[in-house]
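Data first, discussion second: the structure below is written as structure tokens.
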Amino acid sequence: MLSPTLILAHAFGARYDLPVPLYLFVLGGAAVVFASFLLVVRREVAPADGPTTGDGGYVAPHRPLLGGLGLLLLAFLIYSGIHGSQEIAENILPTMFWLIVWIGVPISCGVLGDWTPWVNPFATLARLVDRDDLRQRLIGGPALSWPRWLGFWPATLIFFLVASGELIYNGWATRPIVTAVSLVVYALISALGGLLFGAEVWLERGEMFSVLWATWGRLGYWRFGRPGRRRFLGGVDQPR
Amino acid sequence: MAVVTSSRRRFGLAAMAVAAMLLAIFWATRGWEAGPPIYDGLPLQTEPYRYLQPAPGQATTAPPTSGSENVKPSNQGLPFIANTNESPPQAELQADPNAIAIPPSVPNLTITVTPVPPVAPIPNGKLDGNVYRMAITAPGGAPIGVRPGGHVTVFLRGTGASGKTVIDRFSAGRWSALPTVMPGAGFHSADSDQLADFALVLLPDSSGLSGGVRAAIAVAVVLAVIGLLLVAVRLLRR
């Protein structure tokens, strides 16, 4: 900010006239920001009115058909990104990833609940390599334990990198081939995580999309097998 | 273990219902005026690039547009902005009023962005799109320049060709490259201390590698790192 020679605007492109007066837009935006802070205000809560469970059932059972479909879709998108038009508007990958997967899926989880574990291709890859015989051959022993200090930091770091790609480096990151190669690299990382730590731990703590969508899913109506009540925000009061 | 009280929950549901109702009313009454939706900064409504001088075999498009804005010198403290009218614009000029050397007697200014043929061959690469002449003039057409130490910001949209690009400026009888950044997908931007002709230039690929080969190399590097990591884990376990 010492030398603001250029504003790196997030949404530079065509300018559109707002269909509402500017003051309404500004007031609405301010109200949304204000309301978002109300979510973290400490509230009076009452004891649970029934038995509660922990959050142990995080990793959904593997469903090969749905998992295979997710993998096929991922392969198709990567192929499109590498071999298709490099015009963002003409290639399906930027739309599918940066709009549908990155923005649309989290919002849908926030409304419906986390419906994604069975079709998430990165989760499927982690499960596919989560085999003791493979581990024995490659790393000479059982799965590594997840260090306590690691917490959710791998997922957090990957989220930060992807968000930076969307918000700061989008001129580069949204190019189809860059998005495609990034997906390949992340698929390899997810497979490595599943191999080293086992799918359950990796998907619960390290695989960014699983953690992100599960977190959003706590707001949604259905639990999809997870603990909590079937209602909006029904997963918020469940511990990790 | 605790749960949110039911009265709070009812309040939350009521707030969501009111918000949904307001949204529905808005879309039913004014939403049709919203025009192309804005998808979080990705230019998904990009129309094909309009060339001033299409190369043989290039798809026929409407001719490129010019942009023109008439502004007061103070402009209420807001930046001067003029852009062409494609969707999204192919060229845009932004300037801080304080960066422009405006004579005190000038009542208003005209900012123009106009596609022009290149006045000279571009030496450092291939022209990616059109050359745009960016100017600020007083009534009567007298040119107005940039104040010493000031600058304007030029935005140019690329044609979608892959490769490294840079914005060139034609001044003092020659083209020279300006430090260029990409503020958004497909858009390129540079600061300039002069108003002049500007062109987006596709630099020669010094590596000679195609995008697919580069992708393969990147994946191979990651695979190698993963392989080394597995070996390291195995060795540490011994």
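A note on labels: chains of the structure tokens are A, B, ... as shown, every chain counts residues from 1, and ligands are counted from 1 in their shown order.
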
Distance query Val236 of chain A at most 8 Å, only C-alpha atoms, self and fewer than 3 positions along chain excluded, as a CSV table (one decimal) with C-alpha atoms, in the first residue's frame:
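Output file around.csv follows:
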```csv
chain,number,residue,atom,x,y,z
A,218,ARG,CA,-22.9,-28.9,9.0
A,219,LEU,CA,-25.1,-25.9,8.0
A,228,GLY,CA,-26.5,-34.4,14.3
A,233,LEU,CA,-27.5,-26.0,11.2
A,239,PRO,CA,-17.9,-31.8,17.9
```

I need the alpha helix (DSSP H) residues of segment 20-221 of chain A per DSSP on the backbone, written as an MDAnalysis selection string.
chainID A and resid 22:38 64:83 92:94 105:112 121:128 132:139 153:167 170:173 176:197 199:201 208:217

Neighbouring residues of Ala177 of chain B were defined as those with any atom within 7 Å, considering only C-alpha atoms; residues of the same chain fewer than 6 positions away were excluded. Please report them as a PDB file with N, CA and C atoms, in the first residue's frame.
```
ATOM      1  N   VAL B 166       3.278  -9.056 -22.974  1.00  0.00           N
ATOM      2  CA  VAL B 166       3.721  -7.807 -22.367  1.00  0.00           C
ATOM      3  C   VAL B 166       3.024  -6.666 -23.113  1.00  0.00           C
ATOM      4  N   ILE B 167       2.791  -5.562 -22.412  1.00  0.00           N
ATOM      5  CA  ILE B 167       2.210  -4.397 -23.078  1.00  0.00           C
ATOM      6  C   ILE B 167       3.348  -3.513 -23.577  1.00  0.00           C
ATOM      7  N   ASP B 168       3.289  -3.192 -24.862  1.00  0.00           N
ATOM      8  CA  ASP B 168       4.261  -2.291 -25.483  1.00  0.00           C
ATOM      9  C   ASP B 168       3.641  -0.909 -25.649  1.00  0.00           C
ATOM     10  N   ARG B 169       4.487   0.099 -25.564  1.00  0.00           N
ATOM     11  CA  ARG B 169       4.033   1.478 -25.801  1.00  0.00           C
ATOM     12  C   ARG B 169       4.846   2.070 -26.949  1.00  0.00           C
TER      13      ARG B 169
END
```

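Taking atom CA of Ala180 of chain A as the reference point, atom CA of Ala163 of chain A is found at 16.1 Å.
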
List the neighbours of Asn83 of chain B out to 6 Å using only C-alpha atoms; skip same-chain residues closer than 4 positions along the sequence, and give me the result as an MDAnalysis selection string.
chainID B and resid 67 91:92

Got a sec: who's within 9 Å of Ala82 of chain B, counting only C-alpha atoms, leaving out chain neighbours fewer than 5 positions off, as a CSV table (one decimal) with all heavy atoms, in the first residue's frame?
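The resulting selection.csv:
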```csv
chain,number,residue,atom,x,y,z
B,67,GLY,N,-13.9,3.9,-27.3
B,67,GLY,CA,-14.5,4.4,-26.1
B,67,GLY,C,-14.2,5.8,-25.9
B,67,GLY,O,-13.1,6.3,-26.3
B,68,SER,N,-15.2,6.6,-25.4
B,68,SER,CA,-15.0,8.0,-25.2
B,68,SER,C,-15.8,8.4,-24.0
B,68,SER,O,-16.9,8.1,-23.8
B,68,SER,CB,-15.5,8.7,-26.4
B,68,SER,OG,-15.3,10.1,-26.3
B,69,GLU,N,-15.2,9.2,-23.1
B,69,GLU,CA,-15.8,9.8,-21.9
B,69,GLU,C,-15.5,11.2,-21.8
B,69,GLU,O,-14.4,11.7,-22.0
B,69,GLU,CB,-15.3,9.1,-20.7
B,69,GLU,CG,-15.7,7.6,-20.6
B,69,GLU,CD,-17.2,7.3,-20.3
B,69,GLU,OE1,-17.8,8.3,-19.8
B,69,GLU,OE2,-17.6,6.2,-20.6
B,91,ALA,N,-10.1,-2.8,-24.3
B,91,ALA,CA,-9.1,-1.8,-23.9
B,91,ALA,C,-9.8,-0.8,-22.9
B,91,ALA,O,-10.9,-0.5,-23.0
B,91,ALA,CB,-8.5,-1.1,-25.0
B,92,GLU,N,-9.0,-0.4,-21.9
B,92,GLU,CA,-9.5,0.5,-20.9
B,92,GLU,C,-8.3,1.4,-20.4
B,92,GLU,O,-7.2,0.9,-20.3
B,92,GLU,CB,-10.1,-0.2,-19.7
B,92,GLU,CG,-10.7,0.7,-18.7
B,92,GLU,CD,-11.5,-0.1,-17.6
B,92,GLU,OE1,-12.5,-0.8,-18.1
B,92,GLU,OE2,-11.2,0.0,-16.4
B,93,LEU,N,-8.7,2.7,-20.2
B,93,LEU,CA,-7.7,3.6,-19.6
B,93,LEU,C,-8.2,4.1,-18.3
B,93,LEU,O,-9.4,4.5,-18.2
B,93,LEU,CB,-7.5,4.8,-20.6
B,93,LEU,CG,-6.6,5.9,-20.1
B,93,LEU,CD1,-5.2,5.4,-19.9
B,93,LEU,CD2,-6.6,7.1,-21.0
B,94,GLN,N,-7.4,4.1,-17.3
B,94,GLN,CA,-7.7,4.6,-16.0
B,94,GLN,C,-6.7,5.6,-15.6
B,94,GLN,O,-5.5,5.4,-15.8
B,94,GLN,CB,-7.8,3.5,-14.9
B,94,GLN,CG,-9.0,2.5,-15.1
B,94,GLN,CD,-9.1,1.5,-14.0
B,94,GLN,OE1,-8.5,1.7,-12.9
B,94,GLN,NE2,-9.9,0.5,-14.2
B,111,ILE,N,-11.8,11.7,-22.8
B,111,ILE,CA,-10.8,10.6,-22.7
B,111,ILE,C,-11.2,9.6,-23.8
B,111,ILE,O,-12.4,9.2,-23.9
B,111,ILE,CB,-10.9,9.9,-21.4
B,111,ILE,CG1,-10.8,10.9,-20.3
B,111,ILE,CG2,-9.9,8.8,-21.3
B,111,ILE,CD1,-11.2,10.4,-18.9
B,112,THR,N,-10.3,9.3,-24.7
B,112,THR,CA,-10.6,8.4,-25.8
B,112,THR,C,-9.7,7.1,-25.8
B,112,THR,O,-8.5,7.2,-25.5
B,112,THR,CB,-10.5,9.1,-27.1
B,112,THR,OG1,-9.2,9.6,-27.3
B,112,THR,CG2,-11.6,10.1,-27.3
B,113,VAL,N,-10.3,6.0,-26.2
B,113,VAL,CA,-9.6,4.8,-26.4
B,113,VAL,C,-10.0,4.3,-27.8
B,113,VAL,O,-11.1,3.9,-28.0
B,113,VAL,CB,-10.0,3.7,-25.3
B,113,VAL,CG1,-9.2,2.4,-25.6
B,113,VAL,CG2,-9.7,4.3,-23.9
```

Tell me, as a ChimeraX atom specification, which residues lie within 10 Å of Phe197 of chain A, counting only C-alpha atoms; anything in the same chain fewer than 3 positions away does not count.
/A:126,130,135,142-146,192-194,200-203,206

Those residues with all heavy atoms, as a compact mmCIF listing (two decimals), in the first residue's frame please?
```
# COMPACT_ATOMS: atom_id res chain seq x y z
N ALA A 126 -7.81 -41.44 -2.57
CA ALA A 126 -7.20 -41.74 -1.27
C ALA A 126 -7.63 -43.12 -0.79
O ALA A 126 -6.83 -43.88 -0.23
CB ALA A 126 -7.59 -40.67 -0.25
N ASP A 130 -5.39 -46.76 -0.17
CA ASP A 130 -5.34 -47.06 1.26
C ASP A 130 -5.32 -48.58 1.45
O ASP A 130 -6.31 -49.19 1.86
CB ASP A 130 -6.56 -46.42 1.95
CG ASP A 130 -6.54 -46.67 3.45
OD1 ASP A 130 -5.50 -47.10 3.97
OD2 ASP A 130 -7.58 -46.44 4.10
N ARG A 135 1.21 -50.20 1.05
CA ARG A 135 2.04 -49.46 2.02
C ARG A 135 3.29 -50.25 2.38
O ARG A 135 4.38 -49.71 2.48
CB ARG A 135 1.23 -49.15 3.28
CG ARG A 135 0.66 -47.75 3.31
CD ARG A 135 0.12 -47.39 4.66
NE ARG A 135 -1.06 -48.16 4.98
CZ ARG A 135 -2.28 -47.78 4.68
NH1 ARG A 135 -2.49 -46.64 4.05
NH2 ARG A 135 -3.30 -48.52 4.98
N PRO A 142 3.14 -50.06 8.30
CA PRO A 142 1.75 -49.60 8.36
C PRO A 142 1.63 -48.09 8.15
O PRO A 142 2.65 -47.39 8.02
CB PRO A 142 1.31 -50.00 9.76
CG PRO A 142 2.57 -49.98 10.56
CD PRO A 142 3.65 -50.42 9.63
N ALA A 143 0.41 -47.62 8.17
CA ALA A 143 0.16 -46.19 7.96
C ALA A 143 0.80 -45.37 9.07
O ALA A 143 0.88 -45.82 10.23
CB ALA A 143 -1.34 -45.93 7.91
N LEU A 144 1.24 -44.18 8.71
CA LEU A 144 1.80 -43.27 9.71
C LEU A 144 0.67 -42.71 10.56
O LEU A 144 -0.46 -42.56 10.08
CB LEU A 144 2.53 -42.10 9.02
CG LEU A 144 3.65 -42.46 8.04
CD1 LEU A 144 4.18 -41.19 7.39
CD2 LEU A 144 4.78 -43.17 8.77
N SER A 145 0.99 -42.41 11.80
CA SER A 145 -0.03 -41.75 12.62
C SER A 145 -0.02 -40.26 12.31
O SER A 145 1.02 -39.69 11.96
CB SER A 145 0.24 -42.00 14.11
OG SER A 145 1.53 -41.53 14.43
N TRP A 146 -1.18 -39.65 12.43
CA TRP A 146 -1.32 -38.22 12.12
C TRP A 146 -0.83 -37.41 13.31
O TRP A 146 -1.41 -37.51 14.40
CB TRP A 146 -2.79 -37.91 11.84
CG TRP A 146 -3.05 -36.53 11.33
CD1 TRP A 146 -3.41 -35.45 12.08
CD2 TRP A 146 -3.00 -36.08 9.98
NE1 TRP A 146 -3.58 -34.35 11.27
CE2 TRP A 146 -3.33 -34.71 9.97
CE3 TRP A 146 -2.69 -36.70 8.77
CZ2 TRP A 146 -3.38 -33.97 8.81
CZ3 TRP A 146 -2.75 -35.94 7.62
CH2 TRP A 146 -3.08 -34.59 7.63
N LEU A 192 -1.23 -39.67 -2.17
CA LEU A 192 -0.11 -39.83 -1.24
C LEU A 192 -0.60 -39.76 0.21
O LEU A 192 -0.18 -40.55 1.06
CB LEU A 192 0.92 -38.72 -1.50
CG LEU A 192 2.14 -38.72 -0.58
CD1 LEU A 192 3.00 -39.95 -0.85
CD2 LEU A 192 2.96 -37.45 -0.76
N GLY A 193 -1.51 -38.81 0.48
CA GLY A 193 -2.05 -38.70 1.83
C GLY A 193 -2.77 -39.96 2.26
O GLY A 193 -2.62 -40.44 3.39
N GLY A 194 -3.59 -40.51 1.34
CA GLY A 194 -4.32 -41.74 1.65
C GLY A 194 -3.38 -42.91 1.89
O GLY A 194 -3.63 -43.77 2.74
N GLU A 200 -9.05 -42.68 6.06
CA GLU A 200 -9.95 -42.08 7.05
C GLU A 200 -9.34 -40.82 7.67
O GLU A 200 -9.97 -39.76 7.72
CB GLU A 200 -10.28 -43.09 8.14
CG GLU A 200 -11.32 -42.57 9.10
CD GLU A 200 -12.03 -43.71 9.81
OE1 GLU A 200 -12.02 -44.84 9.31
OE2 GLU A 200 -12.60 -43.44 10.87
N VAL A 201 -8.10 -40.94 8.10
CA VAL A 201 -7.45 -39.78 8.74
C VAL A 201 -7.22 -38.69 7.71
O VAL A 201 -7.47 -37.51 7.97
CB VAL A 201 -6.11 -40.21 9.36
CG1 VAL A 201 -5.36 -39.00 9.90
CG2 VAL A 201 -6.34 -41.22 10.46
N TRP A 202 -6.75 -39.07 6.53
CA TRP A 202 -6.46 -38.06 5.51
C TRP A 202 -7.71 -37.30 5.12
O TRP A 202 -7.69 -36.06 5.00
CB TRP A 202 -5.82 -38.75 4.29
CG TRP A 202 -5.66 -37.82 3.12
CD1 TRP A 202 -6.34 -37.88 1.94
CD2 TRP A 202 -4.79 -36.70 3.02
NE1 TRP A 202 -5.94 -36.87 1.11
CE2 TRP A 202 -4.98 -36.13 1.74
CE3 TRP A 202 -3.86 -36.12 3.88
CZ2 TRP A 202 -4.27 -35.01 1.32
CZ3 TRP A 202 -3.16 -34.99 3.44
CH2 TRP A 202 -3.37 -34.45 2.18
N LEU A 203 -8.82 -38.00 4.93
CA LEU A 203 -10.04 -37.31 4.50
C LEU A 203 -10.62 -36.46 5.63
O LEU A 203 -11.26 -35.45 5.39
CB LEU A 203 -11.08 -38.32 4.02
CG LEU A 203 -10.67 -39.15 2.79
CD1 LEU A 203 -11.78 -40.07 2.36
CD2 LEU A 203 -10.27 -38.25 1.64
N GLY A 206 -6.85 -33.86 6.25
CA GLY A 206 -5.93 -33.27 5.28
C GLY A 206 -6.51 -32.95 3.92
O GLY A 206 -6.09 -31.98 3.28
```

Surrounding residues of Ser210 of chain B excluding itself and chain neighbours under 2 positions, 12 Å, only C-alpha atoms, as a list in words:
Ile82, His83 and Ile177 of chain A; Ser162, Gly163, Asp205, Ser206, Ser207, Gly208, Gly212, Val213, Arg214, Ala215, Ala216 and Ile217 of chain B

Residues of the last selection are to be written out with N, CA and C atoms, as a compact mmCIF listing (two decimals), in the first residue's frame.
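Result file is part_33.txt:
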```txt
# COMPACT_ATOMS: atom_id res chain seq x y z
N ILE A 82 -6.28 -29.62 -20.65
CA ILE A 82 -4.97 -29.71 -21.32
C ILE A 82 -5.11 -29.63 -22.83
N HIS A 83 -6.10 -30.33 -23.37
CA HIS A 83 -6.20 -30.42 -24.82
C HIS A 83 -7.25 -29.49 -25.43
N ILE A 177 -5.18 -24.91 -18.72
CA ILE A 177 -4.09 -25.88 -18.54
C ILE A 177 -3.51 -25.79 -17.13
N SER B 162 -2.03 -18.52 -26.11
CA SER B 162 -1.22 -18.85 -24.93
C SER B 162 0.21 -18.39 -25.15
N GLY B 163 0.85 -18.06 -24.08
CA GLY B 163 2.23 -17.58 -24.15
C GLY B 163 2.41 -16.37 -23.26
N ASP B 205 8.27 -17.73 -27.59
CA ASP B 205 8.46 -18.75 -26.56
C ASP B 205 9.91 -19.21 -26.57
N SER B 206 10.67 -18.78 -25.56
CA SER B 206 12.10 -19.10 -25.55
C SER B 206 12.36 -20.58 -25.27
N SER B 207 11.40 -21.25 -24.58
CA SER B 207 11.65 -22.66 -24.26
C SER B 207 11.36 -23.58 -25.43
N GLY B 208 10.45 -23.16 -26.30
CA GLY B 208 10.06 -24.00 -27.42
C GLY B 208 9.18 -25.17 -27.02
N GLY B 212 1.25 -28.71 -23.43
CA GLY B 212 1.11 -30.10 -22.99
C GLY B 212 2.41 -30.66 -22.44
N VAL B 213 3.53 -30.31 -23.10
CA VAL B 213 4.83 -30.79 -22.62
C VAL B 213 5.15 -30.17 -21.27
N ARG B 214 4.86 -28.89 -21.13
CA ARG B 214 5.11 -28.24 -19.83
C ARG B 214 4.27 -28.90 -18.74
N ALA B 215 3.02 -29.21 -19.07
CA ALA B 215 2.15 -29.87 -18.09
C ALA B 215 2.75 -31.22 -17.70
N ALA B 216 3.23 -31.96 -18.69
CA ALA B 216 3.81 -33.27 -18.41
C ALA B 216 5.05 -33.13 -17.53
N ILE B 217 5.86 -32.10 -17.80
CA ILE B 217 7.06 -31.89 -16.98
C ILE B 217 6.68 -31.57 -15.53
```

Pairwise distance, atom CA of Arg133 of chain B with atom CA of Thr114 of chain B, equals 5.1 Å

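Of the residues listed (A:Ile103, A:Leu195, A:Val181, A:Leu77), A:Val181 shows the shortest atom-to-atom separation from chain B; distances use only C-alpha atoms.
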
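Proximity of A:Ile158, A:Val111, A:Leu167, A:Ala35 to Glu207 of chain A, computed with only C-alpha atoms, is greatest for A:Ile158.
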
Which residue of A:Trp216, A:Phe224, A:Trp102, A:Phe122 approaches chain B most closely, using only C-alpha atoms
A:Trp102

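Residue nearest chain B within the list A:Leu73, A:Leu125, A:Ala89, A:Val105: A:Ala89 [criterion: smallest interatomic distance, only C-alpha atoms].
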
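Between atom CA of Asp237 of chain A and atom CA of Gly29 of chain A lies a distance of 28.1 Å.
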
DSSP on the backbone, strand (DSSP E) only: what residues of chain B does that give? Format it as a ChimeraX atom specification.
/B:2-4,67-71,80-83,91-95,109-116,126-137,143-144,152-157,165-171,174-178,180-184,187-192,197-202
